[in-house]
Amino acid sequence: MRHGRMVRAARLPYLDKMHLGDALSSQAKAARQAPTVSFEFFPPKTEAGWAPLFRTVSDFTDLAPAFVSVTYGAGGTTRDKTHALVLRIRRETPLQPVPHLTCIGHTRDDIRRILELYAANEVETILALRGDPPTGARFHSLGDFQHAADLVRFIRVEGARLGVHGGRGFAIGVAGFPEGHPETPNTLHQLDHLKAKVDAGADYIVTQLFFDNHAFHDWRERCALAHIRVPIIAGIMPIPSITGLQRMADLAAGTRFPAALLAQLAAAGTDARAVEDAGIRWAEAQCRDLVAHDVDGMHFYTLNKSDATKRVCRSIGFPCARSSLNVKV
Ligand code: FAD
């Protein structure tokens, strides 16, 4: 894999050395007077995919994201690519990379080694996830951690041991599911499980993508009632195509597709450009509504492309002076 020139870029000044939990805090938000934006990527599938992906990632720098995150797949090869992409973003861009880390299939020693790699390279935030077992696999054979909360606890202790953030440990994000998680039909239990991740030491929550803001608003209120006080970042995906929509319906099982959205996509028919425009318009409307409801942040599932997400961000006023530099908390 070619990594090009190794240069250490200056960090975005408002984030340099800042614990992401602090950068996302309510005080930081008040100083910024705006929610954060952040962007998600997955590692390239082929060798030839590295250069265009890296250009796409770098292309987001002017939006001053709070962080960019990199997904972690089930297969061993993909996992190494996650580490490689994260380290490359760290070394060669001013962006703050956040690796996703799933505990399924990993031992404590595996996770310890990965955390050591990140700590040694000043990667100081982790999105801690359970991941999904391969179809047909049995849970108890799938590693040393049963739930994401166990991983959060472990990362907390290891981060302090490794001296990350001066001994405070890694900043830790966890996943939230405004429309429910397929394995836990009882939504009261599900909120308990989310609370357990926060109590174990999570600093913020990033949600599964959703298209129905009412579900998000209601779930956020329920989180508040459950005394979940950490920042909640809303997951947004501009629908790229009908095929993309169908893949999402599989991957993000349980996500609702409001009738009004489906009607707009149907009106676009087989015109791919019109479908994409409809997806962007829907995401723009979602984001405007989220900003009006004082959301903490918006996390974009970019599908490794910049155009649609950048159009949405610009239309809601990002990058904006208020969201940018020199936030003191
Ligand atoms: P957990 O919090 O462990 O929850 C999993 C299920 O177990 C839930 O139904 C929960 O209610 C239940 N549960 C939790 N604790 C208990 C308990 N004590 N007793 C009984 N039940 C319990 N997957 C990847 O493979 N790679 C990625 O990079 C990735 N990135 C993601 C990013 C985001 C923002 C999101 C929202 C999801 C991502 N996923 C990723 C998918 C995620 O790994 C799956 O959705 C997984 O099924 C749930 O992960 P979790 O971390 O929420 O697990």
# chains A, B, ... in the order shown; residues from 1 in each chain; ligands from 1
$ residues_near_ligand --ligand "ligand 1" --cutoff "7 Å" --atoms "only C-alpha atoms and all ligand atoms" --output "count of residues only"
34
$ select_by_dssp --residues "region 42-203 of chain A" --states "helix (DSSP H, G or I)" --output "PyMOL selection string"
chain A and resi 47-59+61-63+76-92+108-120+139-141+148-161+164-167+187-199
$ closest_residue --among "A:Ala283, A:Ala274, A:Ala171, A:Ala119" --to "Leu24 (chain A)" --atoms "only C-alpha atoms"
A:Ala171
$ closest_residue --among "A:Ile205, A:Leu303, A:Leu290, A:Ala267" --to "Gly244 (chain A)" --atoms "only C-alpha atoms"
A:Leu303
$ closest_residue --among "A:Ala308, A:Leu87, A:Ala285, A:Ala34" --to "Leu117 (chain A)" --atoms "only C-alpha atoms"
A:Leu87
$ closest_residue --among "A:Asp192, A:Glu40, A:Asp250, A:Glu284" --to "Ser315 (chain A)" --atoms "only C-alpha atoms"
A:Glu284
$ closest_residue --among "A:Val275, A:Ala224, A:Ile104, A:Val57" --to "Ala263 (chain A)" --atoms "only C-alpha atoms"
A:Val275
$ closest_residue --among "A:His19, A:Ser38, A:Pro94, A:Trp219" --to "Gly167 (chain A)" --atoms "only C-alpha atoms"
A:His19
$ residues_around --residues "Ser58 (chain A)" --least-positions-apart "4" --cutoff "9 Å" --atoms "only C-alpha atoms" --output "PyMOL selection string"
chain A and resi 53-54+62+89+93-95
$ write_last_selection --atoms "C-alpha atoms" --output "mmCIF file, in the first residue's frame"
data_model
loop_
_atom_site.group_PDB
_atom_site.id
_atom_site.type_symbol
_atom_site.label_atom_id
_atom_site.label_comp_id
_atom_site.auth_asym_id
_atom_site.auth_seq_id
_atom_site.Cartn_x
_atom_site.Cartn_y
_atom_site.Cartn_z
ATOM 1 C CA LEU A 53 -10.198 7.941 -0.995
ATOM 2 C CA PHE A 54 -7.436 9.952 0.577
ATOM 3 C CA ASP A 62 -12.352 23.023 4.818
ATOM 4 C CA ILE A 89 -5.051 10.651 8.294
ATOM 5 C CA THR A 93 -3.845 15.820 7.462
ATOM 6 C CA PRO A 94 -4.981 18.273 10.140
ATOM 7 C CA LEU A 95 -8.059 16.112 10.745
#
$ residues_around --residues "Leu262 (chain A)" --least-positions-apart "6" --cutoff "10 Å" --atoms "only C-alpha atoms" --output "PyMOL selection string"
chain A and resi 268+278-279
$ select_by_dssp --residues "region 70-268 of chain A" --states "strand (DSSP E or B)" --output "JSON, numbers by chain"
{"A": [70, 97, 98, 99, 100, 101, 102, 106, 125, 126, 127, 128, 129, 143, 171, 172, 173, 174, 175, 176, 181, 184, 204, 205, 206, 207, 208, 209, 232, 233, 234, 235, 236]}
$ atom_distance --atom1 "CA of Thr270 (chain A)" --atom2 "CA of Glu179 (chain A)"
29.1 Å
$ residues_around --residues "Arg256 (chain A)" --least-positions-apart "5" --cutoff "8 Å" --atoms "only C-alpha atoms" --output "number ranges by chain"
A: 179, 210-212
$ residues_around --residues "His293 (chain A)" --least-positions-apart "3" --cutoff "12 Å" --atoms "only C-alpha atoms" --output "list in words"
Ala34, Pro35, Asn213, His214, Phe216, His217, Asp218, Arg220, Glu221, Ala234, Gln286, Cys287, Arg288, Asp289, Leu290, Asp296 and Gly297 of chain A
$ decode --residues "region 275-314 of chain A" --atoms "C-alpha atoms" --output "PDB file, in the first residue's frame"
ATOM      1  CA  VAL A 275     -32.754  10.454  -7.137  1.00  0.00           C
ATOM      2  CA  GLU A 276     -29.503  11.838  -5.747  1.00  0.00           C
ATOM      3  CA  ASP A 277     -30.956  15.376  -5.650  1.00  0.00           C
ATOM      4  CA  ALA A 278     -33.997  14.084  -3.767  1.00  0.00           C
ATOM      5  CA  GLY A 279     -31.688  12.357  -1.245  1.00  0.00           C
ATOM      6  CA  ILE A 280     -29.715  15.552  -0.758  1.00  0.00           C
ATOM      7  CA  ARG A 281     -32.846  17.684  -0.326  1.00  0.00           C
ATOM      8  CA  TRP A 282     -34.144  15.256   2.322  1.00  0.00           C
ATOM      9  CA  ALA A 283     -30.838  15.317   4.219  1.00  0.00           C
ATOM     10  CA  GLU A 284     -30.751  19.140   4.042  1.00  0.00           C
ATOM     11  CA  ALA A 285     -34.240  19.352   5.531  1.00  0.00           C
ATOM     12  CA  GLN A 286     -33.261  16.879   8.268  1.00  0.00           C
ATOM     13  CA  CYS A 287     -30.158  18.899   9.139  1.00  0.00           C
ATOM     14  CA  ARG A 288     -32.001  22.243   9.237  1.00  0.00           C
ATOM     15  CA  ASP A 289     -34.537  20.717  11.592  1.00  0.00           C
ATOM     16  CA  LEU A 290     -31.780  19.197  13.766  1.00  0.00           C
ATOM     17  CA  VAL A 291     -29.977  22.537  14.008  1.00  0.00           C
ATOM     18  CA  ALA A 292     -33.295  24.189  14.952  1.00  0.00           C
ATOM     19  CA  HIS A 293     -33.635  21.552  17.692  1.00  0.00           C
ATOM     20  CA  ASP A 294     -30.174  22.363  19.045  1.00  0.00           C
ATOM     21  CA  VAL A 295     -28.524  19.085  18.070  1.00  0.00           C
ATOM     22  CA  ASP A 296     -25.008  18.552  19.441  1.00  0.00           C
ATOM     23  CA  GLY A 297     -23.541  17.378  16.159  1.00  0.00           C
ATOM     24  CA  MET A 298     -24.257  15.805  12.786  1.00  0.00           C
ATOM     25  CA  HIS A 299     -22.261  12.800  11.608  1.00  0.00           C
ATOM     26  CA  PHE A 300     -22.397  12.106   7.885  1.00  0.00           C
ATOM     27  CA  TYR A 301     -22.161   8.620   6.434  1.00  0.00           C
ATOM     28  CA  THR A 302     -20.294   9.752   3.308  1.00  0.00           C
ATOM     29  CA  LEU A 303     -20.008   6.393   1.504  1.00  0.00           C
ATOM     30  CA  ASN A 304     -16.500   7.634   0.628  1.00  0.00           C
ATOM     31  CA  LYS A 305     -17.819  10.419  -1.591  1.00  0.00           C
ATOM     32  CA  SER A 306     -17.709  14.119  -0.872  1.00  0.00           C
ATOM     33  CA  ASP A 307     -20.108  15.860  -3.278  1.00  0.00           C
ATOM     34  CA  ALA A 308     -23.490  15.060  -1.736  1.00  0.00           C
ATOM     35  CA  THR A 309     -22.371  15.567   1.857  1.00  0.00           C
ATOM     36  CA  LYS A 310     -20.615  18.830   1.018  1.00  0.00           C
ATOM     37  CA  ARG A 311     -23.724  20.109  -0.738  1.00  0.00           C
ATOM     38  CA  VAL A 312     -25.781  19.356   2.370  1.00  0.00           C
ATOM     39  CA  CYS A 313     -23.237  21.024   4.660  1.00  0.00           C
ATOM     40  CA  ARG A 314     -23.020  24.158   2.530  1.00  0.00           C
TER      41      ARG A 314
END
